Amino acid sequence: MLRPVALFKNHVWLFFAILWCAGCDSKTARPVDTSELEPDGGAPDSSTDSGEWTQDIPDELHEDVVGDTPVDTIRLCNGSESLCDTQFNEVVFAATHNAMSNETDGWLAPNQNFPMKQQLEDGIRAMLIDTYFWNDLEVLCHGICEIGSRPLADAFAELVLFLEENPNEVVALLIEDHLDVDKTAAVFNETGLTNLVYTHTPNTPWPTLGEMIDAGTRVVVTAENQGPPPTWYHHMWDLVFDTPYSFKSVDEFSCELNRGDAENDLFLLNHWLSTPLPTQDGAKQVNQYDVLYTRAVQCMQTYGRKPNFVAVDFYSDGNLFDVVRDLNQL
């Protein structure tokens, strides 16, 4: 008579032997149903010989891949997905008044704290600049070049580099031009900036930021005194209208029409104090959210449209970017 332990061992071996034999006859073995293991909507690809399960991947998911896993990328234009589908003349841009005049570079009576390069890096996308011919050179300065100037070619080369490094950004240059248009165009050509300019056809819809990026025409240029030609050197007051800019206190702010036609496509909101020189204390006062946003809304009500360029002194003081974001409804 077998002991209980020996009997148990025999039963275990018999059990595994039966299982092994059941798998020996391929004719009687039951196939495994794998349909429930397939992801929803997926199916084995009959075109492959590897026996591995495959699934078609939408084209848009091929833009980025992490390991073997496709990742859907979100396109941003000027930092926002929604702005890609927004026409240029419906976008609000953070702008700097006398963008070239800055404290860091040692300008006297500056309008900004930081140079144009940092302004771009911080999010400024429209620049009000003044061009002159001084000491046999095309320069940026503000009337009296002895108190501060910069070669125009240096500034434009810097802008081109920024745009090359940031291919989804669209910018605008609003030029108070005291420099001959031929000399100006020569600097555009010399620096390669001409390759990036946009030409607007009168009485046609403006492209979206996404369309401008796709076309490689990401710089809108307007000039107060000259142009065109060239075709991309738009006369500012054919496209833009603006508010006054000689305010000495917040109480003087208004939305009155200053230059251009209120039916023009683009609206420049000048928002700084002139007492007569720019001051950071003044900028801190007028750039705070409640003051800047309230005035922007008042001017929206006056003209039935948003301002496109909100131009300030000392942009780094106050809440310019918050106001622009909210006006863009981002």
# chains A, B, ... in the order shown; residues from 1 in each chain; ligands from 1

$ residues_around --residues "region 239-244 of chain A" --least-positions-apart "6" --cutoff "8 Å" --atoms "only C-alpha atoms" --output "short mmCIF file (atom, residue, chain, number, x, y, z; two decimals) with N, CA and C atoms, in the first residue's frame"
data_model
loop_
_atom_site.label_atom_id
_atom_site.label_comp_id
_atom_site.auth_asym_id
_atom_site.auth_seq_id
_atom_site.Cartn_x
_atom_site.Cartn_y
_atom_site.Cartn_z
N SER A 254 -7.00 109.04 -24.13
CA SER A 254 -8.22 109.04 -24.94
C SER A 254 -8.06 108.04 -26.07
N CYS A 255 -9.14 107.82 -26.77
CA CYS A 255 -9.14 106.92 -27.93
C CYS A 255 -9.38 107.69 -29.22
N GLU A 256 -9.15 109.00 -29.19
CA GLU A 256 -9.38 109.82 -30.38
C GLU A 256 -8.50 109.34 -31.54
N LEU A 257 -9.01 109.54 -32.73
CA LEU A 257 -8.24 109.19 -33.92
C LEU A 257 -7.10 110.19 -34.09
N ASN A 258 -5.91 109.69 -34.28
CA ASN A 258 -4.74 110.55 -34.48
C ASN A 258 -4.32 110.57 -35.94
N ARG A 259 -3.82 109.45 -36.44
CA ARG A 259 -3.38 109.37 -37.84
C ARG A 259 -4.02 108.17 -38.51
N GLY A 260 -4.10 108.23 -39.84
CA GLY A 260 -4.70 107.14 -40.58
C GLY A 260 -6.21 107.23 -40.61
N ASP A 261 -6.82 106.23 -41.20
CA ASP A 261 -8.28 106.15 -41.35
C ASP A 261 -8.80 105.06 -40.43
N ALA A 262 -9.84 105.35 -39.69
CA ALA A 262 -10.38 104.38 -38.74
C ALA A 262 -10.91 103.13 -39.42
N ASN A 264 -9.06 101.57 -41.62
CA ASN A 264 -7.88 100.78 -41.96
C ASN A 264 -7.88 99.44 -41.22
N ASP A 265 -7.09 98.52 -41.71
CA ASP A 265 -7.12 97.15 -41.19
C ASP A 265 -6.46 96.98 -39.84
N LEU A 266 -5.49 97.84 -39.52
CA LEU A 266 -4.67 97.65 -38.32
C LEU A 266 -4.78 98.86 -37.40
N PHE A 267 -4.78 98.59 -36.10
CA PHE A 267 -5.02 99.62 -35.08
C PHE A 267 -3.86 99.63 -34.10
N LEU A 268 -3.20 100.78 -33.99
CA LEU A 268 -2.09 100.98 -33.06
C LEU A 268 -2.57 101.78 -31.86
N LEU A 269 -2.46 101.19 -30.69
CA LEU A 269 -2.82 101.86 -29.44
C LEU A 269 -1.54 102.36 -28.79
N ASN A 270 -1.34 103.68 -28.80
CA ASN A 270 -0.17 104.29 -28.16
C ASN A 270 -0.49 104.51 -26.68
#

$ residues_around --residues "Glu146 (chain A)" --least-positions-apart "2" --cutoff "10 Å" --atoms "only C-alpha atoms" --output "PDB file with N, CA and C atoms, in the first residue's frame"
ATOM      1  N   TRP A 107      21.689 103.997 -23.612  1.00  0.00           N
ATOM      2  CA  TRP A 107      21.024 105.147 -24.230  1.00  0.00           C
ATOM      3  C   TRP A 107      20.598 106.132 -23.139  1.00  0.00           C
ATOM      4  N   LEU A 108      20.707 107.417 -23.431  1.00  0.00           N
ATOM      5  CA  LEU A 108      20.203 108.433 -22.516  1.00  0.00           C
ATOM      6  C   LEU A 108      18.701 108.591 -22.713  1.00  0.00           C
ATOM      7  N   TRP A 134      23.249 108.542 -40.298  1.00  0.00           N
ATOM      8  CA  TRP A 134      24.066 109.354 -39.380  1.00  0.00           C
ATOM      9  C   TRP A 134      25.499 108.846 -39.424  1.00  0.00           C
ATOM     10  N   CYS A 141      18.010 105.386 -34.207  1.00  0.00           N
ATOM     11  CA  CYS A 141      18.187 106.342 -33.119  1.00  0.00           C
ATOM     12  C   CYS A 141      16.885 107.106 -32.955  1.00  0.00           C
ATOM     13  N   HIS A 142      16.838 107.970 -31.950  1.00  0.00           N
ATOM     14  CA  HIS A 142      15.590 108.686 -31.691  1.00  0.00           C
ATOM     15  C   HIS A 142      15.835 110.189 -31.790  1.00  0.00           C
ATOM     16  N   GLY A 143      15.952 110.665 -33.024  1.00  0.00           N
ATOM     17  CA  GLY A 143      16.096 112.100 -33.252  1.00  0.00           C
ATOM     18  C   GLY A 143      17.504 112.599 -33.034  1.00  0.00           C
ATOM     19  N   ILE A 144      17.988 112.505 -31.822  1.00  0.00           N
ATOM     20  CA  ILE A 144      19.336 112.964 -31.487  1.00  0.00           C
ATOM     21  C   ILE A 144      20.216 111.727 -31.351  1.00  0.00           C
ATOM     22  N   GLY A 148      22.267 108.091 -28.347  1.00  0.00           N
ATOM     23  CA  GLY A 148      22.069 106.655 -28.485  1.00  0.00           C
ATOM     24  C   GLY A 148      21.793 106.283 -29.925  1.00  0.00           C
ATOM     25  N   SER A 149      22.509 105.286 -30.416  1.00  0.00           N
ATOM     26  CA  SER A 149      22.270 104.819 -31.780  1.00  0.00           C
ATOM     27  C   SER A 149      22.759 103.385 -31.909  1.00  0.00           C
TER      28      SER A 149
END

$ select_by_dssp --residues "region 146-195 of chain A" --states "helix (DSSP H, G or I)" --output "ChimeraX atom specification"
/A:146-147,152-165,181-191,193-195

$ atom_distance --atom1 "CA of Pro110 (chain A)" --atom2 "CA of Pro278 (chain A)"
7.0 Å

$ closest_residue --among "A:Leu137, A:Leu83, A:Met127, A:Val312" --to "Pro151 (chain A)" --atoms "only C-alpha atoms"
A:Leu137

$ residues_around --residues "Ser316 (chain A)" --least-positions-apart "3" --cutoff "10 Å" --atoms "only C-alpha atoms" --output "PyMOL selection string"
chain A and resi 112-114+119+122+280+283-284+287+312-313+319-321

$ closest_residue --among "A:Pro115, A:Gly123, A:Gly216, A:Pro207" --to "Ala94 (chain A)" --atoms "only C-alpha atoms"
A:Gly123

$ closest_residue --among "A:Cys145, A:Val139, A:Leu196, A:Ala172" --to "Val220 (chain A)" --atoms "only C-alpha atoms"
A:Ala172

$ closest_residue --among "A:Val170, A:Met212, A:Leu330, A:Leu161" --to "Gly192 (chain A)" --atoms "only C-alpha atoms"
A:Leu161

$ residues_around --residues "Asp154 (chain A)" --least-positions-apart "3" --cutoff "10 Å" --atoms "only C-alpha atoms" --output "PyMOL selection string"
chain A and resi 139-140+150-151+157-160+187+191

$ residues_around --residues "Lys183 (chain A)" --least-positions-apart "2" --cutoff "10 Å" --atoms "only C-alpha atoms" --output "VMD selection string"
chain A and resid 132 to 133 137 to 138 179 to 181 185 to 189

$ atom_distance --atom1 "CA of Glu165 (chain A)" --atom2 "CA of His234 (chain A)"
25.9 Å
